[in-house]
>>> print(open('query.cif').read())   # mmCIF, C-alpha atoms
data_query
loop_
_atom_site.group_PDB
_atom_site.id
_atom_site.type_symbol
_atom_site.label_atom_id
_atom_site.label_comp_id
_atom_site.auth_asym_id
_atom_site.auth_seq_id
_atom_site.Cartn_x
_atom_site.Cartn_y
_atom_site.Cartn_z
ATOM 1 C CA MET A 24 0.000 0.000 0.000
ATOM 2 C CA SER A 25 1.303 3.470 -0.760
ATOM 3 C CA SER A 26 0.492 7.009 0.233
ATOM 4 C CA ARG A 27 2.035 10.428 -0.376
ATOM 5 C CA VAL A 28 3.858 12.965 1.758
ATOM 6 C CA HIS A 29 1.286 15.604 2.703
ATOM 7 C CA ALA A 30 3.558 17.847 4.822
ATOM 8 C CA ILE A 31 7.087 18.064 6.246
ATOM 9 C CA HIS A 32 7.936 19.918 9.471
ATOM 10 C CA VAL A 33 11.245 20.519 11.240
ATOM 11 C CA ALA A 34 12.152 22.392 14.417
ATOM 12 C CA PRO A 35 15.712 23.425 15.310
ATOM 13 C CA GLY A 36 15.163 22.913 19.053
ATOM 14 C CA ARG A 37 12.875 21.799 21.866
ATOM 15 C CA LYS A 38 9.805 23.915 22.496
ATOM 16 C CA ILE A 39 10.499 25.892 19.300
ATOM 17 C CA PRO A 40 7.578 25.858 16.837
ATOM 18 C CA THR A 41 8.008 23.612 13.821
ATOM 19 C CA ARG A 42 8.544 25.103 10.388
ATOM 20 C CA ARG A 43 6.795 23.676 7.335
ATOM 21 C CA VAL A 44 9.207 22.941 4.475
ATOM 22 C CA GLY A 45 8.765 21.625 0.946
ATOM 23 C CA SER A 46 11.664 19.196 1.206
ATOM 24 C CA VAL A 47 14.227 17.914 3.672
ATOM 25 C CA GLU A 48 17.554 16.099 3.457
ATOM 26 C CA ALA A 49 17.572 12.756 5.254
ATOM 27 C CA GLU A 50 20.996 11.500 6.382
ATOM 28 C CA ALA A 51 21.337 7.776 7.118
ATOM 29 C CA GLY A 52 22.110 7.124 10.773
ATOM 30 C CA VAL A 53 21.901 10.839 11.612
ATOM 31 C CA GLY A 54 18.445 12.327 10.944
ATOM 32 C CA LEU A 55 16.776 15.171 9.096
ATOM 33 C CA VAL A 56 18.988 18.182 8.399
ATOM 34 C CA GLY A 57 17.706 21.182 10.345
ATOM 35 C CA ASP A 58 15.665 19.193 12.861
ATOM 36 C CA ARG A 59 16.207 19.055 16.620
ATOM 37 C CA TYR A 60 16.844 15.292 16.508
ATOM 38 C CA HIS A 61 19.534 15.497 13.803
ATOM 39 C CA GLY A 62 22.448 13.600 15.319
ATOM 40 C CA ALA A 63 20.334 11.565 17.743
ATOM 41 C CA ARG A 64 21.256 7.923 18.073
ATOM 42 C CA HIS A 65 17.932 6.354 17.033
ATOM 43 C CA ARG A 66 15.189 9.000 16.877
ATOM 44 C CA HIS A 67 15.801 10.326 13.371
ATOM 45 C CA VAL A 68 12.314 11.052 12.027
ATOM 46 C CA THR A 69 8.690 10.867 13.164
ATOM 47 C CA VAL A 70 5.861 10.011 10.778
ATOM 48 C CA GLN A 71 2.107 10.432 11.209
ATOM 49 C CA ALA A 72 -0.934 10.002 8.956
ATOM 50 C CA LEU A 73 -3.457 12.690 8.050
ATOM 51 C CA ASP A 74 -6.387 10.310 8.546
ATOM 52 C CA ASP A 75 -5.209 9.685 12.139
ATOM 53 C CA LEU A 76 -5.152 13.457 12.709
ATOM 54 C CA GLU A 77 -8.695 13.662 11.346
ATOM 55 C CA ALA A 78 -9.764 10.962 13.839
ATOM 56 C CA ALA A 79 -8.082 12.936 16.652
ATOM 57 C CA ALA A 80 -9.895 16.079 15.455
ATOM 58 C CA GLU A 81 -13.225 14.279 15.841
ATOM 59 C CA VAL A 82 -12.317 13.438 19.453
ATOM 60 C CA LEU A 83 -11.189 17.021 20.127
ATOM 61 C CA GLY A 84 -14.001 18.699 18.248
ATOM 62 C CA ARG A 85 -11.574 20.919 16.342
ATOM 63 C CA PRO A 86 -9.011 20.564 13.525
ATOM 64 C CA VAL A 87 -5.505 19.292 14.261
ATOM 65 C CA ASP A 88 -2.777 21.175 12.394
ATOM 66 C CA PRO A 89 -0.057 18.641 11.406
ATOM 67 C CA GLY A 90 2.683 21.110 12.349
ATOM 68 C CA LEU A 91 1.451 21.463 15.917
ATOM 69 C CA THR A 92 1.853 17.727 16.621
ATOM 70 C CA ARG A 93 5.650 18.169 16.261
ATOM 71 C CA ARG A 94 5.927 15.144 13.942
ATOM 72 C CA ASN A 95 8.265 15.507 10.961
ATOM 73 C CA ILE A 96 6.405 13.852 8.100
ATOM 74 C CA THR A 97 2.655 13.666 7.595
ATOM 75 C CA LEU A 98 1.400 11.145 5.051
ATOM 76 C CA ASP A 99 -1.985 11.594 3.379
ATOM 77 C CA HIS A 100 -3.174 8.276 4.850
ATOM 78 C CA GLY A 101 -2.030 5.304 6.883
ATOM 79 C CA PRO A 102 -1.533 2.776 8.162
ATOM 80 C CA ILE A 103 1.983 3.516 9.345
ATOM 81 C CA PRO A 104 4.117 0.602 10.599
ATOM 82 C CA THR A 105 4.471 0.499 14.393
ATOM 83 C CA ARG A 106 6.392 -2.688 15.256
ATOM 84 C CA PRO A 107 10.148 -2.299 15.817
ATOM 85 C CA GLY A 108 12.061 -3.473 12.758
ATOM 86 C CA GLU A 109 9.242 -2.847 10.275
ATOM 87 C CA ARG A 110 10.178 -0.588 7.391
ATOM 88 C CA ILE A 111 8.771 2.066 5.134
ATOM 89 C CA SER A 112 10.314 3.759 2.097
ATOM 90 C CA ILE A 113 9.703 7.416 1.284
ATOM 91 C CA ALA A 114 11.091 8.595 -2.065
ATOM 92 C CA GLY A 115 13.634 5.776 -1.899
ATOM 93 C CA VAL A 116 14.767 6.671 1.638
ATOM 94 C CA GLU A 117 14.512 3.606 3.886
ATOM 95 C CA LEU A 118 13.173 4.065 7.427
ATOM 96 C CA GLU A 119 12.989 1.440 10.181
ATOM 97 C CA VAL A 120 10.533 1.555 13.100
ATOM 98 C CA VAL A 121 12.081 2.235 16.500
ATOM 99 C CA ARG A 122 8.845 2.637 18.484
ATOM 100 C CA ILE A 123 5.417 4.228 18.592
ATOM 101 C CA ALA A 124 5.659 7.993 19.154
ATOM 102 C CA ALA A 125 4.145 8.857 22.510
ATOM 103 C CA PRO A 126 2.330 12.194 22.638
ATOM 104 C CA CYS A 127 3.982 14.760 24.896
ATOM 105 C CA ARG A 128 2.459 17.153 27.428
ATOM 106 C CA LEU A 129 3.213 20.094 25.131
ATOM 107 C CA LEU A 130 0.361 18.983 22.846
ATOM 108 C CA ASP A 131 -2.208 20.418 25.249
ATOM 109 C CA ASP A 132 -0.278 23.719 25.178
ATOM 110 C CA TRP A 133 -0.015 23.802 21.371
ATOM 111 C CA LEU A 134 -3.413 22.306 20.418
ATOM 112 C CA GLY A 135 -5.571 22.842 23.521
ATOM 113 C CA ASP A 136 -6.888 20.719 26.367
ATOM 114 C CA GLY A 137 -7.417 17.075 25.478
ATOM 115 C CA ALA A 138 -4.946 16.989 22.577
ATOM 116 C CA MET A 139 -2.475 14.685 24.303
ATOM 117 C CA GLN A 140 -5.250 12.162 24.993
ATOM 118 C CA ALA A 141 -6.717 12.469 21.472
ATOM 119 C CA LEU A 142 -3.300 11.733 19.923
ATOM 120 C CA ARG A 143 -2.505 8.633 21.974
ATOM 121 C CA SER A 144 -1.689 5.416 20.154
ATOM 122 C CA PRO A 145 -2.515 4.541 17.462
ATOM 123 C CA ARG A 146 -2.953 8.161 16.291
ATOM 124 C CA GLY A 147 0.337 9.620 17.578
ATOM 125 C CA GLY A 148 2.642 8.429 14.803
ATOM 126 C CA THR A 149 5.834 6.377 14.760
ATOM 127 C CA VAL A 150 9.519 7.056 15.470
ATOM 128 C CA PHE A 151 11.933 5.788 12.793
ATOM 129 C CA ARG A 152 15.677 5.559 12.258
ATOM 130 C CA LEU A 153 17.055 6.384 8.805
ATOM 131 C CA LEU A 154 18.740 3.484 7.021
ATOM 132 C CA SER A 155 19.553 5.429 3.845
ATOM 133 C CA SER A 156 19.981 9.015 2.702
ATOM 134 C CA GLY A 157 18.127 11.174 0.204
ATOM 135 C CA THR A 158 15.780 14.070 -0.289
ATOM 136 C CA ILE A 159 12.156 13.766 0.829
ATOM 137 C CA ARG A 160 9.673 16.180 -0.769
ATOM 138 C CA VAL A 161 5.995 16.977 -0.289
ATOM 139 C CA GLY A 162 4.107 14.802 -2.787
ATOM 140 C CA ASP A 163 6.654 11.956 -2.734
ATOM 141 C CA GLU A 164 5.371 8.395 -2.555
ATOM 142 C CA ALA A 165 5.650 6.435 0.691
ATOM 143 C CA ALA A 166 5.425 2.640 0.565
ATOM 144 C CA VAL A 167 5.769 -0.314 2.893
ATOM 145 C CA PRO A 168 8.166 -2.713 1.125
ATOM 146 C CA ASP A 169 7.038 -6.296 0.504
ATOM 147 C CA PRO A 170 8.226 -8.578 3.335
ATOM 148 C CA GLY A 171 10.037 -10.947 0.935
#
>>> encode(input="query.cif", output="structure tokens")
Amino acid sequence: MSSRVHAIHVAPGRKIPTRRVGSVEAEAGVGLVGDRYHGARHRHVTVQALDDLEAAAEVLGRPVDPGLTRRNITLDHGPIPTRPGERISIAGVELEVVRIAAPCRLLDDWLGDGAMQALRSPRGGTVFRLLSSGTIRVGDEAAVPDPG
């Protein structure tokens, strides 16, 4: 199954608002250039799905802006792999699941009361490590490779 990159967001530091970009450089084993987790050991990129944000919006009773969730890449639809070791490819860049992304307390500050609860698993996205390098752009295809 494939989907497309709907949005890309990076933030240079903690508690600094994310910035929407049209493309980002992904560096294998390092992270997304310009993002706060660039250089982290395993947390290189976070991915969420727009349909999960729409489900969270129904719970909240208001829209959820993808940039306010602090996830890096928003796909137009899921599902997004969640089990450690599973993989996804975005524009030829290989990503491997580290863990489910837990929502942080800042979500209630950025999105309003109840946001942290509305974005709990399975709607909170997934943390990945980068296995290869390349440029990821809005509109690029994202696919889960065949297991064989």
>>> residues_around(input="query.cif", residues="segment 90-102 of chain A", least_positions_apart="6", cutoff="7 Å", atoms="only C-alpha atoms", output="PyMOL selection string")
chain A and resi 26-33+41+43+68-74+130+133-134
>>> residues_around(input="query.cif", residues="His65 of chain A", least_positions_apart="6", cutoff="12 Å", atoms="all atoms listed in the file", output="PDB file with C-alpha atoms, in the coordinates of the input")
ATOM      1  CA  ALA A  51      21.337   7.776   7.118  1.00  0.00           C
ATOM      2  CA  GLY A  52      22.110   7.124  10.773  1.00  0.00           C
ATOM      3  CA  VAL A  53      21.901  10.839  11.612  1.00  0.00           C
ATOM      4  CA  GLY A  54      18.445  12.327  10.944  1.00  0.00           C
ATOM      5  CA  LEU A  55      16.776  15.171   9.096  1.00  0.00           C
ATOM      6  CA  PRO A 107      10.148  -2.299  15.817  1.00  0.00           C
ATOM      7  CA  LEU A 118      13.173   4.065   7.427  1.00  0.00           C
ATOM      8  CA  GLU A 119      12.989   1.440  10.181  1.00  0.00           C
ATOM      9  CA  VAL A 120      10.533   1.555  13.100  1.00  0.00           C
ATOM     10  CA  VAL A 121      12.081   2.235  16.500  1.00  0.00           C
ATOM     11  CA  ARG A 122       8.845   2.637  18.484  1.00  0.00           C
ATOM     12  CA  VAL A 150       9.519   7.056  15.470  1.00  0.00           C
ATOM     13  CA  PHE A 151      11.933   5.788  12.793  1.00  0.00           C
ATOM     14  CA  ARG A 152      15.677   5.559  12.258  1.00  0.00           C
ATOM     15  CA  LEU A 153      17.055   6.384   8.805  1.00  0.00           C
ATOM     16  CA  LEU A 154      18.740   3.484   7.021  1.00  0.00           C
TER      17      LEU A 154
END
>>> atom_distance(input="query.cif", atom1="atom CA of Arg160 of chain A", atom2="atom CA of Ala49 of chain A")
10.5 Å
>>> resolve_selection(input="query.cif", expression="the PyMOL selection byres ((chain A and resi 145) around 12)", output="mmCIF file with C-alpha atoms, in the coordinates of the input")
data_model
loop_
_atom_site.group_PDB
_atom_site.id
_atom_site.type_symbol
_atom_site.label_atom_id
_atom_site.label_comp_id
_atom_site.auth_asym_id
_atom_site.auth_seq_id
_atom_site.Cartn_x
_atom_site.Cartn_y
_atom_site.Cartn_z
ATOM 1 C CA GLN A 71 2.107 10.432 11.209
ATOM 2 C CA ALA A 72 -0.934 10.002 8.956
ATOM 3 C CA ASP A 74 -6.387 10.310 8.546
ATOM 4 C CA ASP A 75 -5.209 9.685 12.139
ATOM 5 C CA LEU A 76 -5.152 13.457 12.709
ATOM 6 C CA ALA A 78 -9.764 10.962 13.839
ATOM 7 C CA ALA A 79 -8.082 12.936 16.652
ATOM 8 C CA GLY A 101 -2.030 5.304 6.883
ATOM 9 C CA PRO A 102 -1.533 2.776 8.162
ATOM 10 C CA ILE A 103 1.983 3.516 9.345
ATOM 11 C CA PRO A 104 4.117 0.602 10.599
ATOM 12 C CA THR A 105 4.471 0.499 14.393
ATOM 13 C CA ARG A 106 6.392 -2.688 15.256
ATOM 14 C CA ARG A 122 8.845 2.637 18.484
ATOM 15 C CA ILE A 123 5.417 4.228 18.592
ATOM 16 C CA ALA A 124 5.659 7.993 19.154
ATOM 17 C CA ALA A 125 4.145 8.857 22.510
ATOM 18 C CA PRO A 126 2.330 12.194 22.638
ATOM 19 C CA GLN A 140 -5.250 12.162 24.993
ATOM 20 C CA ALA A 141 -6.717 12.469 21.472
ATOM 21 C CA LEU A 142 -3.300 11.733 19.923
ATOM 22 C CA ARG A 143 -2.505 8.633 21.974
ATOM 23 C CA SER A 144 -1.689 5.416 20.154
ATOM 24 C CA ARG A 146 -2.953 8.161 16.291
ATOM 25 C CA GLY A 147 0.337 9.620 17.578
ATOM 26 C CA GLY A 148 2.642 8.429 14.803
ATOM 27 C CA THR A 149 5.834 6.377 14.760
#
>>> atom_distance(input="query.cif", atom1="atom CA of Asp163 of chain A", atom2="atom CA of Arg37 of chain A")
27.2 Å
>>> closest_residue(input="query.cif", among="A:Ile159, A:Ile111, A:Asp58, A:Glu50", to="Gly36 of chain A", atoms="all atoms listed in the file")
A:Asp58
>>> atom_distance(input="query.cif", atom1="atom CA of His67 of chain A", atom2="atom CA of Glu109 of chain A")
15.0 Å
>>> closest_residue(input="query.cif", among="A:Ala166, A:Arg42, A:Val82, A:Arg59", to="Val116 of chain A", atoms="all atoms listed in the file")
A:Ala166
>>> residues_around(input="query.cif", residues="Ser25 of chain A", least_positions_apart="6", cutoff="8 Å", atoms="only C-alpha atoms", output="ChimeraX atom specification")
/A:164-167
>>> write_last_selection(input="query.cif", atoms="C-alpha atoms", output="tab-separated table (two decimals), keeping the file's coordinate frame")
chain	number	residue	atom	x	y	z
A	164	GLU	CA	5.37	8.40	-2.56
A	165	ALA	CA	5.65	6.44	0.69
A	166	ALA	CA	5.42	2.64	0.56
A	167	VAL	CA	5.77	-0.31	2.89
>>> residues_around(input="query.cif", residues="Glu48 of chain A", least_positions_apart="2", cutoff="6 Å", atoms="all atoms listed in the file", output="PyMOL selection string")
chain A and resi 55-56+157-158
>>> write_last_selection(input="query.cif", atoms="C-alpha atoms", output="mmCIF file, in the frame of the given file")
data_model
loop_
_atom_site.group_PDB
_atom_site.id
_atom_site.type_symbol
_atom_site.label_atom_id
_atom_site.label_comp_id
_atom_site.auth_asym_id
_atom_site.auth_seq_id
_atom_site.Cartn_x
_atom_site.Cartn_y
_atom_site.Cartn_z
ATOM 1 C CA LEU A 55 16.776 15.171 9.096
ATOM 2 C CA VAL A 56 18.988 18.182 8.399
ATOM 3 C CA GLY A 157 18.127 11.174 0.204
ATOM 4 C CA THR A 158 15.780 14.070 -0.289
#
